[in-house]
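Structure file input_34.csv; described as CSV, C-alpha atoms (C1' of nucleotides).
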```
chain,number,residue,atom,x,y,z
A,223,MET,CA,9.8,18.1,-1.0
A,224,LYS,CA,8.1,15.0,-2.4
A,225,THR,CA,9.3,13.1,-5.5
A,226,VAL,CA,6.8,12.4,-8.3
A,227,HIS,CA,6.9,8.8,-7.4
A,228,GLU,CA,5.9,9.5,-3.8
A,229,LYS,CA,3.0,11.6,-5.0
A,230,ASN,CA,1.8,9.0,-7.4
A,231,ALA,CA,2.2,6.3,-4.7
A,232,GLN,CA,-0.1,8.3,-2.6
A,233,VAL,CA,-2.9,8.0,-5.1
A,234,PHE,CA,-2.5,4.2,-5.2
A,235,LYS,CA,-2.1,3.9,-1.5
A,236,ALA,CA,-5.7,4.8,-1.2
A,237,LEU,CA,-6.5,1.5,-3.0
A,238,CYS,CA,-4.0,-0.7,-1.1
A,239,ASP,CA,-6.1,-1.4,1.9
A,240,GLU,CA,-8.8,-3.9,2.1
A,241,ASN,CA,-11.1,-1.7,4.3
A,242,ARG,CA,-10.7,1.2,1.9
A,243,LEU,CA,-11.7,-1.0,-1.0
A,244,ARG,CA,-14.8,-2.0,1.0
A,245,VAL,CA,-15.6,1.6,1.6
A,246,LEU,CA,-15.3,2.3,-2.2
A,247,GLU,CA,-17.6,-0.6,-2.9
A,248,LEU,CA,-20.2,0.8,-0.6
A,249,LEU,CA,-19.8,4.3,-2.1
A,250,ARG,CA,-20.4,2.8,-5.6
A,251,GLN,CA,-24.1,2.6,-4.6
A,252,GLY,CA,-24.1,6.4,-4.0
A,253,GLU,CA,-23.3,8.8,-1.2
A,254,LYS,CA,-23.2,7.3,2.2
A,255,CYS,CA,-22.8,8.9,5.6
A,256,ALA,CA,-20.1,7.9,8.0
A,257,CYS,CA,-22.5,6.2,10.3
A,258,GLU,CA,-23.7,3.9,7.6
A,259,LEU,CA,-20.1,3.0,6.6
A,260,LEU,CA,-19.3,2.4,10.2
A,261,GLU,CA,-22.0,-0.2,10.7
A,262,SER,CA,-21.2,-2.1,7.5
A,263,LEU,CA,-17.5,-2.3,8.2
A,264,ASP,CA,-16.4,-4.0,11.4
A,265,ILE,CA,-13.8,-1.4,12.3
A,266,GLY,CA,-13.9,1.3,15.0
A,267,GLN,CA,-14.9,4.9,14.5
A,268,SER,CA,-11.4,6.3,14.7
A,269,ALA,CA,-10.2,3.8,12.2
A,270,LEU,CA,-12.9,4.8,9.7
A,271,SER,CA,-12.0,8.4,10.1
A,272,TYR,CA,-8.4,7.6,9.4
A,273,HIS,CA,-9.3,5.7,6.2
A,274,MET,CA,-11.7,8.4,5.0
A,275,LYS,CA,-8.9,10.9,5.4
A,276,ILE,CA,-6.7,8.9,3.2
A,277,LEU,CA,-9.4,8.3,0.6
A,278,THR,CA,-10.4,12.0,0.4
A,279,GLY,CA,-6.7,12.9,0.4
A,280,SER,CA,-6.2,10.9,-2.7
A,281,GLY,CA,-8.9,12.7,-4.5
A,282,ILE,CA,-10.9,9.5,-5.2
A,283,VAL,CA,-13.5,10.3,-2.6
A,284,GLU,CA,-15.1,13.6,-1.7
A,285,SER,CA,-16.9,14.6,1.5
A,286,ARG,CA,-19.8,16.9,2.4
A,287,GLN,CA,-20.7,18.0,5.8
A,288,GLU,CA,-24.4,18.3,6.8
A,289,GLY,CA,-24.8,19.3,10.3
A,290,LYS,CA,-22.9,16.9,12.4
A,291,TRP,CA,-22.9,14.2,9.7
A,292,MET,CA,-20.3,13.6,7.1
A,293,HIS,CA,-21.4,12.3,3.7
A,294,TYR,CA,-18.9,10.6,1.4
A,295,SER,CA,-19.1,9.8,-2.3
A,296,ILE,CA,-16.8,8.9,-5.1
A,297,ASN,CA,-15.3,11.8,-6.9
A,298,GLN,CA,-15.4,11.1,-10.6
A,299,GLU,CA,-12.7,13.6,-11.5
A,300,GLY,CA,-10.3,12.1,-8.9
A,301,SER,CA,-11.1,8.6,-10.2
A,302,ARG,CA,-10.4,9.6,-13.8
A,303,TYR,CA,-7.1,11.1,-12.7
A,304,ALA,CA,-6.1,7.8,-10.9
A,305,ALA,CA,-7.1,5.8,-14.0
A,306,LEU,CA,-5.1,8.1,-16.2
A,307,LEU,CA,-2.1,7.8,-14.0
A,308,LEU,CA,-2.4,4.0,-14.0
A,309,LYS,CA,-2.5,4.0,-17.8
A,310,GLU,CA,0.5,6.3,-17.9
A,311,ILE,CA,2.7,4.3,-15.7
A,312,THR,CA,2.0,1.0,-17.4
A,313,THR,CA,2.2,2.1,-21.0
A,314,THR,CA,5.5,1.3,-22.7
A,315,GLU,CA,7.0,4.2,-24.6
A,316,GLY,CA,6.9,3.6,-28.3
A,317,GLY,CA,10.1,3.4,-30.1
A,318,LYS,CA,12.7,2.8,-27.4
A,319,ARG,CA,13.4,-0.8,-26.9
A,320,THR,CA,16.5,-1.7,-25.0
A,321,GLY,CA,17.4,-5.3,-25.7
A,322,SER,CA,21.1,-5.1,-24.9
A,323,CYS,CA,22.2,-5.7,-21.3
A,324,CYS,CA,24.5,-7.9,-19.4
A,325,LYS,CA,26.7,-10.8,-20.5
B,59,MET,CA,-9.0,-18.2,1.5
B,60,LYS,CA,-8.7,-14.6,0.4
B,61,THR,CA,-11.5,-12.1,0.1
B,62,VAL,CA,-12.1,-10.3,-3.2
B,63,HIS,CA,-10.9,-7.1,-1.5
B,64,GLU,CA,-7.7,-8.7,-0.4
B,65,LYS,CA,-7.0,-9.9,-4.0
B,66,ASN,CA,-7.8,-6.6,-5.5
B,67,ALA,CA,-5.7,-4.8,-2.9
B,68,GLN,CA,-2.8,-7.0,-4.0
B,69,VAL,CA,-2.9,-5.6,-7.5
B,70,PHE,CA,-2.8,-2.0,-6.2
B,71,LYS,CA,-0.2,-2.8,-3.6
B,72,ALA,CA,2.2,-3.3,-6.4
B,73,LEU,CA,1.8,0.4,-7.2
B,74,CYS,CA,2.0,1.7,-3.6
B,75,ASP,CA,5.7,1.8,-3.2
B,76,GLU,CA,8.0,4.5,-4.5
B,77,ASN,CA,10.7,2.1,-5.6
B,78,ARG,CA,8.2,-0.1,-7.5
B,79,LEU,CA,7.0,2.9,-9.4
B,80,ARG,CA,10.5,3.7,-10.3
B,81,VAL,CA,10.9,0.2,-11.6
B,82,LEU,CA,7.8,0.6,-13.7
B,83,GLU,CA,9.1,3.9,-15.1
B,84,LEU,CA,12.3,2.1,-16.2
B,85,LEU,CA,10.3,-0.7,-17.7
B,86,ARG,CA,8.3,1.7,-19.8
B,87,GLN,CA,11.3,2.0,-21.9
B,88,GLY,CA,11.2,-1.7,-22.6
B,89,GLU,CA,12.5,-4.9,-21.1
B,90,LYS,CA,15.3,-4.5,-18.6
B,91,CYS,CA,17.5,-7.0,-16.8
B,92,ALA,CA,17.7,-7.0,-13.1
B,93,CYS,CA,21.3,-5.8,-13.1
B,94,GLU,CA,20.2,-2.7,-15.0
B,95,LEU,CA,17.4,-2.0,-12.6
B,96,LEU,CA,19.8,-2.5,-9.7
B,97,GLU,CA,22.2,0.1,-10.8
B,98,SER,CA,19.5,2.7,-11.5
B,99,LEU,CA,17.8,2.2,-8.2
B,100,ASP,CA,19.8,2.8,-5.1
B,101,ILE,CA,18.5,-0.2,-3.3
B,102,GLY,CA,20.1,-3.5,-2.5
B,103,GLN,CA,19.9,-6.7,-4.5
B,104,SER,CA,17.6,-8.5,-2.1
B,105,ALA,CA,15.3,-5.6,-1.9
B,106,LEU,CA,15.0,-5.5,-5.7
B,107,SER,CA,14.2,-9.2,-5.7
B,108,TYR,CA,11.5,-8.6,-3.1
B,109,HIS,CA,9.9,-5.8,-5.1
B,110,MET,CA,10.1,-7.7,-8.4
B,111,LYS,CA,8.3,-10.6,-6.8
B,112,ILE,CA,5.5,-8.2,-5.8
B,113,LEU,CA,5.3,-6.6,-9.2
B,114,THR,CA,5.2,-9.9,-11.0
B,115,GLY,CA,2.7,-11.3,-8.5
B,116,SER,CA,0.3,-8.5,-9.4
B,117,GLY,CA,0.4,-9.4,-13.0
B,118,ILE,CA,1.6,-6.0,-14.1
B,119,VAL,CA,5.1,-7.1,-14.7
B,120,GLU,CA,6.3,-10.3,-16.4
B,121,SER,CA,9.7,-12.0,-16.2
B,122,ARG,CA,11.8,-14.0,-18.5
B,123,GLN,CA,14.9,-15.9,-17.5
B,124,GLU,CA,17.9,-16.0,-19.9
B,125,GLY,CA,20.7,-18.1,-18.5
B,126,LYS,CA,21.4,-16.5,-15.1
B,127,TRP,CA,19.8,-13.2,-15.9
B,128,MET,CA,16.2,-12.2,-15.3
B,129,HIS,CA,14.6,-9.8,-17.7
B,130,TYR,CA,11.5,-7.9,-16.7
B,131,SER,CA,8.9,-6.1,-18.7
B,132,ILE,CA,5.5,-4.6,-18.4
B,133,ASN,CA,2.7,-7.1,-19.1
B,134,GLN,CA,0.1,-5.4,-21.1
B,135,GLU,CA,-2.6,-7.8,-20.2
B,136,GLY,CA,-2.0,-7.4,-16.5
B,137,SER,CA,-1.9,-3.7,-16.9
B,138,ARG,CA,-5.3,-3.7,-18.7
B,139,TYR,CA,-6.7,-5.8,-15.9
B,140,ALA,CA,-5.5,-3.4,-13.3
B,141,ALA,CA,-7.0,-0.5,-15.3
B,142,LEU,CA,-10.3,-2.3,-15.6
B,143,LEU,CA,-10.4,-3.0,-11.9
B,144,LEU,CA,-9.7,0.6,-11.1
B,145,LYS,CA,-12.5,1.7,-13.4
B,146,GLU,CA,-14.8,-0.8,-11.8
B,147,ILE,CA,-14.2,0.1,-8.2
B,148,THR,CA,-14.6,3.8,-8.9
B,149,THR,CA,-17.7,3.7,-11.1
B,150,THR,CA,-20.9,4.4,-9.3
B,151,GLU,CA,-23.7,2.0,-10.1
B,152,GLY,CA,-26.4,3.5,-12.1
B,153,GLY,CA,-29.8,3.7,-10.6
B,154,LYS,CA,-29.3,3.1,-6.9
B,155,ARG,CA,-28.9,6.3,-5.1
B,156,THR,CA,-29.2,6.2,-1.3
B,157,GLY,CA,-29.9,9.6,0.0
B,158,SER,CA,-31.6,8.7,3.2
B,159,CYS,CA,-29.4,8.1,6.3
B,160,CYS,CA,-29.1,9.3,9.8
B,161,LYS,CA,-31.1,11.9,11.7
C,283,DC,C1',-25.7,27.1,29.0
C,284,DA,C1',-25.8,22.1,29.7
C,285,DT,C1',-26.3,17.9,27.3
C,286,DA,C1',-26.1,14.6,23.6
C,287,DT,C1',-24.3,13.0,19.4
C,288,DA,C1',-21.0,12.6,15.3
C,289,DT,C1',-16.6,13.0,13.8
C,290,DA,C1',-11.6,14.2,14.3
C,291,DT,C1',-7.3,13.8,16.6
C,292,DC,C1',-3.8,12.0,19.7
C,293,DG,C1',-0.5,8.7,21.8
C,294,DA,C1',0.5,4.1,22.4
C,295,DA,C1',0.2,-0.7,20.8
C,296,DA,C1',-0.1,-4.0,17.1
C,297,DA,C1',0.5,-5.4,12.5
C,298,DA,C1',2.4,-5.1,8.1
C,299,DA,C1',5.8,-3.8,4.8
C,300,DG,C1',10.5,-2.8,3.5
C,301,DT,C1',15.6,-3.2,4.2
C,302,DT,C1',19.8,-5.4,5.2
C,303,DG,C1',23.4,-8.9,5.4
C,304,DA,C1',24.2,-13.7,5.2
C,305,DT,C1',23.4,-17.7,2.9
C,306,DA,C1',21.2,-20.8,-0.7
C,307,DT,C1',20.2,-22.0,-5.3
C,308,DG,C1',21.0,-22.5,-10.0
C,309,DA,C1',23.2,-21.5,-14.5
C,310,DG,C1',27.7,-21.1,-17.1
C,311,DG,C1',32.4,-21.4,-17.8
C,312,DT,C1',37.1,-23.7,-16.7
D,119,DA,C1',33.9,-31.2,-10.1
D,120,DC,C1',34.9,-26.6,-9.0
D,121,DC,C1',34.5,-21.8,-9.3
D,122,DT,C1',32.0,-17.6,-10.4
D,123,DC,C1',28.3,-14.7,-11.0
D,124,DA,C1',23.1,-13.5,-10.8
D,125,DT,C1',19.2,-13.9,-8.3
D,126,DA,C1',16.2,-15.8,-4.5
D,127,DT,C1',15.4,-16.6,0.2
D,128,DC,C1',15.8,-16.2,5.2
D,129,DA,C1',16.0,-14.1,9.7
D,130,DA,C1',16.7,-9.9,12.2
D,131,DC,C1',15.9,-5.3,12.3
D,132,DT,C1',13.7,-0.7,10.9
D,133,DT,C1',10.1,1.9,9.2
D,134,DT,C1',5.4,2.6,8.0
D,135,DT,C1',0.7,1.7,8.4
D,136,DT,C1',-3.3,0.5,10.9
D,137,DT,C1',-5.9,0.0,15.1
D,138,DC,C1',-7.6,1.1,19.7
D,139,DG,C1',-9.1,3.8,23.6
D,140,DA,C1',-9.3,8.3,25.3
D,141,DT,C1',-10.1,12.9,24.6
D,142,DA,C1',-11.1,17.1,21.8
D,143,DT,C1',-14.0,19.6,18.7
D,144,DA,C1',-18.1,20.9,16.6
D,145,DT,C1',-23.1,20.9,15.9
D,146,DA,C1',-27.7,20.5,17.3
D,147,DT,C1',-31.2,20.5,21.0
D,148,DG,C1',-33.6,21.2,25.4
```
Let me see the file written as structure tokens.
Amino acid sequence: MKTVHEKNAQVFKALCDENRLRVLELLRQGEKCACELLESLDIGQSALSYHMKILTGSGIVESRQEGKWMHYSINQEGSRYAALLLKEITTTEGGKRTGSCCK
Amino acid sequence: MKTVHEKNAQVFKALCDENRLRVLELLRQGEKCACELLESLDIGQSALSYHMKILTGSGIVESRQEGKWMHYSINQEGSRYAALLLKEITTTEGGKRTGSCCK
DNA sequence: CATATATATCGAAAAAAGTTGATATGAGGT
DNA sequence: ACCTCATATCAACTTTTTTCGATATATATG
């Protein structure tokens, strides 16, 4: 059983790693196959596979298999969800203002 | 010298940890002093200090000292920046579409 | 069916992040 | 100045994440 915070953290974990951000930057240009990502990225094949699993698991990236090639692209719905979540967790609730505290 | 991706990852790293998301949830209700966070959070004092440093470092949270107490709150500008960044890194660039690849 | 190629998965090693307890710093009060 | 309390920092340890090399799986091709 995962807490809400654990689940939310999973979405943002996709964006915590330098290499995954590089992948996203490449995918902004449109769908790319794994081999293309691999040669732009200076990491090994198994590491790329690992990162792509995290990215697709977060919903921000989607994958499509074509023969023996995997094609990756940014999933707009997943991205919208992440953006929504970010908005939500950083928006102060109206009304409630707790000034009192210690002392 | 940090790469752009490293700097961007730093913003999202603030959101990767369950405890930091819990802190944000508490701060949504308004400014809170460290002692309040501490008693809601089931982590030690030094761990809280560690997390707050990461949160403030990302720009999403700001701090205010009052005597010996630290007060934390969500920084709207930092949050807007994070939201903007997220939008940016997940928005596909118009025009460019690279279909060709391997085979 | 054998071979070649692309990607996924596994276990171990390396690196990074988080926690803990002890101590340091710094502000207030006596 | 001394003591107390709140927070920060440090070093050691634990846990999690990332990487690597080897191997497995799956698809296409001769």
Q | Interface, chain A side, toward chain C (12 Å; only C-alpha atoms (C1' of nucleotides)) as a list of chain:residue names | A |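 Going by the stated atoms only, the list reads A:Cys238, A:Asp239, A:Cys255, A:Ala256, A:Cys257, A:Glu258, A:Leu260, A:Gln267, A:Ser268, A:Ala269, A:Leu270, A:Ser271, A:Tyr272, A:His273, A:Met274, A:Lys275, A:Gln287, A:Glu288, A:Gly289, A:Lys290, A:Trp291, A:Met292, A:His293, A:Lys325.
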Q) chain B residues within 6 Å of chain A, counting all atoms listed in the file: which ones, as number ranges by chain? A) B: 63-64, 67, 70-71, 74-76, 86-88, 150-151, 154-156
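Atom CA of Leu95 of chain B to atom C1' of DT135 of chain D spans 27.1 Å [interatomic distance, one decimal].
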For chain D, which residues have at least one atom within 12 Å of chain A, if we go by all atoms listed in the file? Write them as a PDB file with C-alpha atoms (C1' of nucleotides), in the frame of the given file, please.
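So part.pdb came out as:
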```pdb
ATOM      1  C1'  DC D 123      28.300 -14.700 -11.000  1.00  0.00           C
ATOM      2  C1'  DA D 124      23.100 -13.500 -10.800  1.00  0.00           C
ATOM      3  C1'  DT D 135       0.700   1.700   8.400  1.00  0.00           C
ATOM      4  C1'  DT D 136      -3.300   0.500  10.900  1.00  0.00           C
ATOM      5  C1'  DT D 137      -5.900   0.000  15.100  1.00  0.00           C
ATOM      6  C1'  DC D 138      -7.600   1.100  19.700  1.00  0.00           C
ATOM      7  C1'  DG D 139      -9.100   3.800  23.600  1.00  0.00           C
ATOM      8  C1'  DA D 140      -9.300   8.300  25.300  1.00  0.00           C
ATOM      9  C1'  DT D 141     -10.100  12.900  24.600  1.00  0.00           C
ATOM     10  C1'  DT D 143     -14.000  19.600  18.700  1.00  0.00           C
ATOM     11  C1'  DA D 144     -18.100  20.900  16.600  1.00  0.00           C
ATOM     12  C1'  DT D 145     -23.100  20.900  15.900  1.00  0.00           C
ATOM     13  C1'  DA D 146     -27.700  20.500  17.300  1.00  0.00           C
TER      14       DA D 146
END
```
Output, as a PDB file with C-alpha atoms, in the coordinates of the input, the coordinates of chain B following least-squares superposition onto chain A across all in-order C-alpha pairs.
```pdb
ATOM      1  CA  MET B  59       9.398  18.128  -0.981  1.00  0.00           C
ATOM      2  CA  LYS B  60       7.873  14.976  -2.395  1.00  0.00           C
ATOM      3  CA  THR B  61       9.054  13.067  -5.419  1.00  0.00           C
ATOM      4  CA  VAL B  62       6.650  12.366  -8.286  1.00  0.00           C
ATOM      5  CA  HIS B  63       6.765   8.685  -7.283  1.00  0.00           C
ATOM      6  CA  GLU B  64       5.824   9.459  -3.744  1.00  0.00           C
ATOM      7  CA  LYS B  65       2.788  11.515  -4.945  1.00  0.00           C
ATOM      8  CA  ASN B  66       1.685   8.910  -7.349  1.00  0.00           C
ATOM      9  CA  ALA B  67       2.119   6.183  -4.743  1.00  0.00           C
ATOM     10  CA  GLN B  68      -0.240   8.187  -2.534  1.00  0.00           C
ATOM     11  CA  VAL B  69      -3.055   7.853  -5.021  1.00  0.00           C
ATOM     12  CA  PHE B  70      -2.613   4.055  -5.205  1.00  0.00           C
ATOM     13  CA  LYS B  71      -2.137   3.730  -1.486  1.00  0.00           C
ATOM     14  CA  ALA B  72      -5.720   4.664  -1.118  1.00  0.00           C
ATOM     15  CA  LEU B  73      -6.590   1.428  -2.924  1.00  0.00           C
ATOM     16  CA  CYS B  74      -4.131  -0.845  -1.060  1.00  0.00           C
ATOM     17  CA  ASP B  75      -6.155  -1.557   1.982  1.00  0.00           C
ATOM     18  CA  GLU B  76      -8.963  -4.071   2.241  1.00  0.00           C
ATOM     19  CA  ASN B  77     -11.169  -1.850   4.353  1.00  0.00           C
ATOM     20  CA  ARG B  78     -10.760   1.114   1.956  1.00  0.00           C
ATOM     21  CA  LEU B  79     -11.878  -1.039  -0.902  1.00  0.00           C
ATOM     22  CA  ARG B  80     -14.870  -2.023   1.042  1.00  0.00           C
ATOM     23  CA  VAL B  81     -15.639   1.612   1.582  1.00  0.00           C
ATOM     24  CA  LEU B  82     -15.364   2.245  -2.120  1.00  0.00           C
ATOM     25  CA  GLU B  83     -17.704  -0.674  -2.855  1.00  0.00           C
ATOM     26  CA  LEU B  84     -20.306   0.908  -0.528  1.00  0.00           C
ATOM     27  CA  LEU B  85     -19.821   4.262  -2.142  1.00  0.00           C
ATOM     28  CA  ARG B  86     -20.509   2.845  -5.561  1.00  0.00           C
ATOM     29  CA  GLN B  87     -24.041   2.740  -4.552  1.00  0.00           C
ATOM     30  CA  GLY B  88     -24.009   6.465  -3.994  1.00  0.00           C
ATOM     31  CA  GLU B  89     -23.234   8.907  -1.234  1.00  0.00           C
ATOM     32  CA  LYS B  90     -23.123   7.443   2.243  1.00  0.00           C
ATOM     33  CA  CYS B  91     -22.777   9.013   5.671  1.00  0.00           C
ATOM     34  CA  ALA B  92     -20.063   7.946   7.957  1.00  0.00           C
ATOM     35  CA  CYS B  93     -22.482   6.315  10.383  1.00  0.00           C
ATOM     36  CA  GLU B  94     -23.676   4.054   7.574  1.00  0.00           C
ATOM     37  CA  LEU B  95     -20.176   3.097   6.612  1.00  0.00           C
ATOM     38  CA  LEU B  96     -19.385   2.430  10.265  1.00  0.00           C
ATOM     39  CA  GLU B  97     -22.088  -0.058  10.744  1.00  0.00           C
ATOM     40  CA  SER B  98     -21.291  -1.964   7.539  1.00  0.00           C
ATOM     41  CA  LEU B  99     -17.625  -2.183   8.276  1.00  0.00           C
ATOM     42  CA  ASP B 100     -16.580  -3.897  11.430  1.00  0.00           C
ATOM     43  CA  ILE B 101     -13.974  -1.375  12.311  1.00  0.00           C
ATOM     44  CA  GLY B 102     -13.910   1.317  14.926  1.00  0.00           C
ATOM     45  CA  GLN B 103     -14.881   4.946  14.517  1.00  0.00           C
ATOM     46  CA  SER B 104     -11.353   6.296  14.640  1.00  0.00           C
ATOM     47  CA  ALA B 105     -10.156   3.799  12.176  1.00  0.00           C
ATOM     48  CA  LEU B 106     -12.898   4.812   9.728  1.00  0.00           C
ATOM     49  CA  SER B 107     -11.890   8.436  10.152  1.00  0.00           C
ATOM     50  CA  TYR B 108      -8.286   7.504   9.410  1.00  0.00           C
ATOM     51  CA  HIS B 109      -9.202   5.624   6.243  1.00  0.00           C
ATOM     52  CA  MET B 110     -11.600   8.328   5.028  1.00  0.00           C
ATOM     53  CA  LYS B 111      -8.848  10.879   5.382  1.00  0.00           C
ATOM     54  CA  ILE B 112      -6.655   8.700   3.136  1.00  0.00           C
ATOM     55  CA  LEU B 113      -9.359   8.162   0.574  1.00  0.00           C
ATOM     56  CA  THR B 114     -10.225  11.817   0.386  1.00  0.00           C
ATOM     57  CA  GLY B 115      -6.549  12.785   0.300  1.00  0.00           C
ATOM     58  CA  SER B 116      -6.120  10.705  -2.846  1.00  0.00           C
ATOM     59  CA  GLY B 117      -8.823  12.558  -4.591  1.00  0.00           C
ATOM     60  CA  ILE B 118     -10.884   9.473  -5.258  1.00  0.00           C
ATOM     61  CA  VAL B 119     -13.386  10.209  -2.609  1.00  0.00           C
ATOM     62  CA  GLU B 120     -15.004  13.563  -1.770  1.00  0.00           C
ATOM     63  CA  SER B 121     -16.747  14.658   1.432  1.00  0.00           C
ATOM     64  CA  ARG B 122     -19.554  16.918   2.280  1.00  0.00           C
ATOM     65  CA  GLN B 123     -20.467  18.019   5.768  1.00  0.00           C
ATOM     66  CA  GLU B 124     -24.174  18.379   6.716  1.00  0.00           C
ATOM     67  CA  GLY B 125     -24.566  19.599  10.261  1.00  0.00           C
ATOM     68  CA  LYS B 126     -22.614  17.029  12.309  1.00  0.00           C
ATOM     69  CA  TRP B 127     -22.678  14.336   9.694  1.00  0.00           C
ATOM     70  CA  MET B 128     -20.100  13.709   6.996  1.00  0.00           C
ATOM     71  CA  HIS B 129     -21.268  12.321   3.712  1.00  0.00           C
ATOM     72  CA  TYR B 130     -18.820  10.658   1.375  1.00  0.00           C
ATOM     73  CA  SER B 131     -18.973   9.864  -2.278  1.00  0.00           C
ATOM     74  CA  ILE B 132     -16.818   8.819  -5.136  1.00  0.00           C
ATOM     75  CA  ASN B 133     -15.260  11.772  -6.987  1.00  0.00           C
ATOM     76  CA  GLN B 134     -15.399  11.073 -10.612  1.00  0.00           C
ATOM     77  CA  GLU B 135     -12.689  13.469 -11.492  1.00  0.00           C
ATOM     78  CA  GLY B 136     -10.280  11.968  -9.012  1.00  0.00           C
ATOM     79  CA  SER B 137     -11.156   8.552 -10.204  1.00  0.00           C
ATOM     80  CA  ARG B 138     -10.408   9.521 -13.851  1.00  0.00           C
ATOM     81  CA  TYR B 139      -7.095  10.920 -12.722  1.00  0.00           C
ATOM     82  CA  ALA B 140      -6.180   7.747 -10.976  1.00  0.00           C
ATOM     83  CA  ALA B 141      -7.172   5.758 -14.094  1.00  0.00           C
ATOM     84  CA  LEU B 142      -5.089   8.002 -16.295  1.00  0.00           C
ATOM     85  CA  LEU B 143      -2.091   7.642 -14.043  1.00  0.00           C
ATOM     86  CA  LEU B 144      -2.409   3.902 -14.054  1.00  0.00           C
ATOM     87  CA  LYS B 145      -2.571   3.884 -17.838  1.00  0.00           C
ATOM     88  CA  GLU B 146       0.440   6.124 -17.980  1.00  0.00           C
ATOM     89  CA  ILE B 147       2.704   4.176 -15.697  1.00  0.00           C
ATOM     90  CA  THR B 148       1.910   0.912 -17.445  1.00  0.00           C
ATOM     91  CA  THR B 149       2.177   2.048 -21.065  1.00  0.00           C
ATOM     92  CA  THR B 150       5.467   1.314 -22.680  1.00  0.00           C
ATOM     93  CA  GLU B 151       6.935   4.200 -24.617  1.00  0.00           C
ATOM     94  CA  GLY B 152       6.886   3.705 -28.263  1.00  0.00           C
ATOM     95  CA  GLY B 153      10.139   3.557 -30.064  1.00  0.00           C
ATOM     96  CA  LYS B 154      12.748   3.020 -27.380  1.00  0.00           C
ATOM     97  CA  ARG B 155      13.440  -0.580 -26.933  1.00  0.00           C
ATOM     98  CA  THR B 156      16.558  -1.511 -24.945  1.00  0.00           C
ATOM     99  CA  GLY B 157      17.529  -5.011 -25.687  1.00  0.00           C
ATOM    100  CA  SER B 158      21.173  -4.822 -24.896  1.00  0.00           C
ATOM    101  CA  CYS B 159      22.256  -5.423 -21.252  1.00  0.00           C
ATOM    102  CA  CYS B 160      24.590  -7.587 -19.341  1.00  0.00           C
ATOM    103  CA  LYS B 161      26.945 -10.318 -20.511  1.00  0.00           C
TER     104      LYS B 161
END
```
Q. Just how far from atom CA of Tyr303 of chain A is atom CA of Ser262 of chain A, in Å to one decimal?
A.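 Taking atom CA of Ser262 of chain A as the start and atom CA of Tyr303 of chain A as the end point, the length is 27.9 Å.
The spacing separating atom C1' of DT133 of chain D from atom CA of Ile112 of chain B amounts to 18.7 Å.
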Return the padded bounding box of segment 140-146 of chain D as lines of an AutoDock Vina configuration file: axis-aligned, built from all atoms listed in the file, 3 Å added on each side, with centre and edge lengths in Å to one decimal.
```
center_x = -18.5
center_y = 14.6
center_z = 20.6
size_x = 24.4
size_y = 18.6
size_z = 15.4
```
